[in-house]
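Right, one structure below, let's go through it.
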Amino acid sequence: MGNEQSAEQLYLELLKKAILFEIWIEHERNFPSSDNYVFNPVPEKRETGSDWPPIAHSMIGRERMNHLHQCLESVIRENVPGDFIETGVWRGGSCIFMRGFLKAHRITDRTVWVADSFEGLPLPDPNYPVDQGGVWHMYDFLRVSLETVIDNFKRYSLLDDQVSFLKGWFKDTLPKAPIQKIALARLDGDMYSSTWDSLSNLYDKISLGGYIIIDDYILPCCASAVHDFRNQFGIDDAIIKIGKEPCSAAYWRKTKERSKAVLKPHTV
């Protein structure tokens with residue numbers, strides 16, 4: 001009886017399985033797919049988040065979803081103030097889990113912010129040389145409309161006034177977003193520009209003890225933005241990789257405010 005799970009734990013575990021489509025993953029193989037290796041829905045790839053799911057509402061996989069859950073638990077246990085935000089949400093699965101977590105724990109004073117263009121990724125900005133040659137904007141698979149994400153929240157009965165949507169490019173929406181404090185920021189923008197825009201506009205709002213999760217840390221353009229930002233502002237909190245090698249994501253916890261240097265991304 002000592003290992004018996006609470007109703008809240010059982011709900012959140014089932015929510016993860018539904019969002020990741022783990023229970024029915026074999027049925028995803030019936031969907032037409034390209035020869036690209038990422039369209040290969042098998043349990044091993046879904047564990048590490050290394051496939052692009054035909055049906056599932058998240059592509060982050062079990063390892064990163066479990067890590068997100070652990071971070072949320074830590075925020076509540078340690079009373080880190082602030083809301084939750086994801087920049088780059090695809091079908092909304094991670095944000096849906098965040099909202100489900102709040103509901104399971106009967107928390108009513110935090111908001112989940114859902115930030116995305118809802119039109120796919122932007123064209124590479126010529127001002128950011130690291131992004132040149134990027135092709136993410138060409139993938140229709142990565143374009144998920146706001147209406148679709150809203151409908152996905154409704155499917156879980158998790159759409160309410162504790163969910164707020166920020167539609168548009170991060171450089172336009174994040175500077176004026178009415179967010180006061182952030183306890184957890186999950187950045188999933190792939191590109192240098194998107195990562196820089198997220199960090200530069202959100203970092204000062206992240207509470208001490210808050211989490212910064214970089215979903216695409218494995219991508220050189222994303223990692224470059226992270227290191228440029230950290231180096232410029234004297235951020236030396238340890239970066240910790242998530243999951244088994246090769247890890248695609250990483251995170252750190254904010255232990256001090258950044259220096260007040262002038263923001264200078266690496267541009268041409």
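Within each chain, counting starts at residue 1; across the structure tokens, chains are named A, B, ... in the order shown, with ligands numbered 1 upward in that order.
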Which of region 26-75 of chain A fall in alpha helix (DSSP H), as a ChimeraX atom specification: /A:26-28,43-48,61-75
Closest-contact table, region 20-55 of chain A side, partner region 235-245 of chain A, 12 Å, counting only C-alpha atoms, as CSV:
residue,atom,partner,partner_atom,distance
A:Glu44,CA,A:Lys244,CA,12.0
A:Glu47,CA,A:Gly243,CA,9.6
A:Thr48,CA,A:Gly243,CA,7.5
A:Gly49,CA,A:Gly243,CA,10.1
A:Ser50,CA,A:Gly243,CA,11.9
Near-Ile182 (chain A) list (9 Å; only C-alpha atoms; drop same-chain fewer than 5 positions) as a PDB file with N, CA, C and O atoms, in the first residue's frame:
ATOM      1  N   VAL A  80       7.755  28.888  -5.472  1.00  0.00           N
ATOM      2  CA  VAL A  80       8.357  29.852  -6.391  1.00  0.00           C
ATOM      3  C   VAL A  80       7.222  30.627  -7.049  1.00  0.00           C
ATOM      4  O   VAL A  80       6.360  30.037  -7.694  1.00  0.00           O
ATOM      5  N   PRO A  81       7.178  31.929  -6.904  1.00  0.00           N
ATOM      6  CA  PRO A  81       6.032  32.681  -7.426  1.00  0.00           C
ATOM      7  C   PRO A  81       6.061  32.824  -8.944  1.00  0.00           C
ATOM      8  O   PRO A  81       7.130  32.857  -9.559  1.00  0.00           O
ATOM      9  N   GLY A  82       4.862  32.901  -9.526  1.00  0.00           N
ATOM     10  CA  GLY A  82       4.772  33.215 -10.944  1.00  0.00           C
ATOM     11  C   GLY A  82       3.956  32.240 -11.759  1.00  0.00           C
ATOM     12  O   GLY A  82       3.534  31.171 -11.294  1.00  0.00           O
ATOM     13  N   ASP A  83       3.751  32.624 -13.014  1.00  0.00           N
ATOM     14  CA  ASP A  83       2.981  31.838 -13.973  1.00  0.00           C
ATOM     15  C   ASP A  83       3.883  30.875 -14.721  1.00  0.00           C
ATOM     16  O   ASP A  83       5.106  30.851 -14.522  1.00  0.00           O
ATOM     17  N   PHE A  84       3.277  30.114 -15.630  1.00  0.00           N
ATOM     18  CA  PHE A  84       3.996  29.196 -16.513  1.00  0.00           C
ATOM     19  C   PHE A  84       3.825  29.686 -17.946  1.00  0.00           C
ATOM     20  O   PHE A  84       2.750  30.156 -18.320  1.00  0.00           O
ATOM     21  N   ILE A  85       4.884  29.569 -18.752  1.00  0.00           N
ATOM     22  CA  ILE A  85       4.786  29.980 -20.154  1.00  0.00           C
ATOM     23  C   ILE A  85       5.570  29.022 -21.031  1.00  0.00           C
ATOM     24  O   ILE A  85       6.622  28.507 -20.625  1.00  0.00           O
ATOM     25  N   LEU A 202      11.704  37.749 -21.384  1.00  0.00           N
ATOM     26  CA  LEU A 202      11.104  37.040 -20.249  1.00  0.00           C
ATOM     27  C   LEU A 202      12.031  36.889 -19.051  1.00  0.00           C
ATOM     28  O   LEU A 202      11.565  36.724 -17.924  1.00  0.00           O
ATOM     29  N   TYR A 203      13.347  36.951 -19.270  1.00  0.00           N
ATOM     30  CA  TYR A 203      14.268  36.544 -18.199  1.00  0.00           C
ATOM     31  C   TYR A 203      14.103  37.371 -16.928  1.00  0.00           C
ATOM     32  O   TYR A 203      14.134  36.835 -15.816  1.00  0.00           O
ATOM     33  N   LYS A 205      11.545  38.613 -15.732  1.00  0.00           N
ATOM     34  CA  LYS A 205      10.283  38.294 -15.050  1.00  0.00           C
ATOM     35  C   LYS A 205      10.325  36.944 -14.340  1.00  0.00           C
ATOM     36  O   LYS A 205       9.420  36.622 -13.566  1.00  0.00           O
ATOM     37  N   ILE A 206      11.359  36.158 -14.613  1.00  0.00           N
ATOM     38  CA  ILE A 206      11.468  34.837 -13.992  1.00  0.00           C
ATOM     39  C   ILE A 206      11.921  34.999 -12.543  1.00  0.00           C
ATOM     40  O   ILE A 206      12.892  35.699 -12.246  1.00  0.00           O
ATOM     41  N   SER A 207      11.197  34.374 -11.635  1.00  0.00           N
ATOM     42  CA  SER A 207      11.501  34.467 -10.209  1.00  0.00           C
ATOM     43  C   SER A 207      12.797  33.745  -9.885  1.00  0.00           C
ATOM     44  O   SER A 207      13.212  32.811 -10.589  1.00  0.00           O
ATOM     45  N   GLY A 210      13.183  29.991 -10.263  1.00  0.00           N
ATOM     46  CA  GLY A 210      12.390  29.581 -11.415  1.00  0.00           C
ATOM     47  C   GLY A 210      13.212  28.789 -12.418  1.00  0.00           C
ATOM     48  O   GLY A 210      14.448  28.820 -12.418  1.00  0.00           O
ATOM     49  N   TYR A 211      12.499  28.094 -13.289  1.00  0.00           N
ATOM     50  CA  TYR A 211      13.124  27.201 -14.269  1.00  0.00           C
ATOM     51  C   TYR A 211      13.096  27.817 -15.666  1.00  0.00           C
ATOM     52  O   TYR A 211      12.079  28.380 -16.088  1.00  0.00           O
TER      53      TYR A 211
END
Distance of CA of Val130 (chain A) from CA of Leu146 (chain A), expressed in Å to one decimal place: 28.6 Å
Proximity to Ser194 (chain A) - best of A:Ala250, A:Ile107, A:Leu123, A:Leu158, only C-alpha atoms: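 Smallest distance to Ser194 (chain A) is found for A:Leu123.
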Contact residues around Glu26 (chain A) with only C-alpha atoms at 12 Å, ignoring same-chain residues under 2 positions, as a list in words: Phe21, Glu22, Ile23, Trp24, Glu28, Arg29, Asn30, Phe31, Asn40, Pro41, Val42, Pro43, Arg46, Pro53, Pro54, Ile55 and Ala56 of chain A
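Residues in contact with Leu166 (chain A) at up to 12 Å, not including ones fewer than 2 positions away on its chain and judged by only C-alpha atoms, are Ile85, Glu86, Thr87, Gly88, Val89, Val112, Trp113, Val114, Ala115, Asp116, Ser117, Phe118, Leu146, Val163, Ser164, Gly168, Trp169, Phe170, Lys171, Asp172, Thr173, Leu174, Pro175, Lys176, Ala177, Pro178 and Ile179 of chain A.
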Point-to-point distance from CA of Phe97 (chain A) to CA of Leu14 (chain A), Å rounded to tenths: 10.5 Å
Which of region 77-198 of chain A fall in strand (DSSP E or B), as a PyMOL selection string: chain A and resi 83-87+112-116+163-167+182-187
Two-atom distance - CA of Ser157 (chain A), CA of Gln9 (chain A) (Å):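 Straight-line distance from CA of Ser157 (chain A) to CA of Gln9 (chain A) works out to 17.7 Å.
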From A:Lys16, A:Arg99, A:Lys45, A:Arg64, residue lying nearest Ile214 (chain A) [only C-alpha atoms]: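 Closest residue, counting only C-alpha atoms: A:Arg64.
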Which of A:Gln232, A:Ala183, A:Pro122, A:Gly189 sits closest to Glu78 (chain A) [using only C-alpha atoms]: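 Closest candidate: A:Ala183.
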Counting only C-alpha atoms, the option among A:Glu119, A:Glu257, A:Asp216, A:Glu13 closest to Asp188 (chain A):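 Between A:Glu119, A:Glu257, A:Asp216, A:Glu13, the residue approaching Asp188 (chain A) most closely is A:Asp216.
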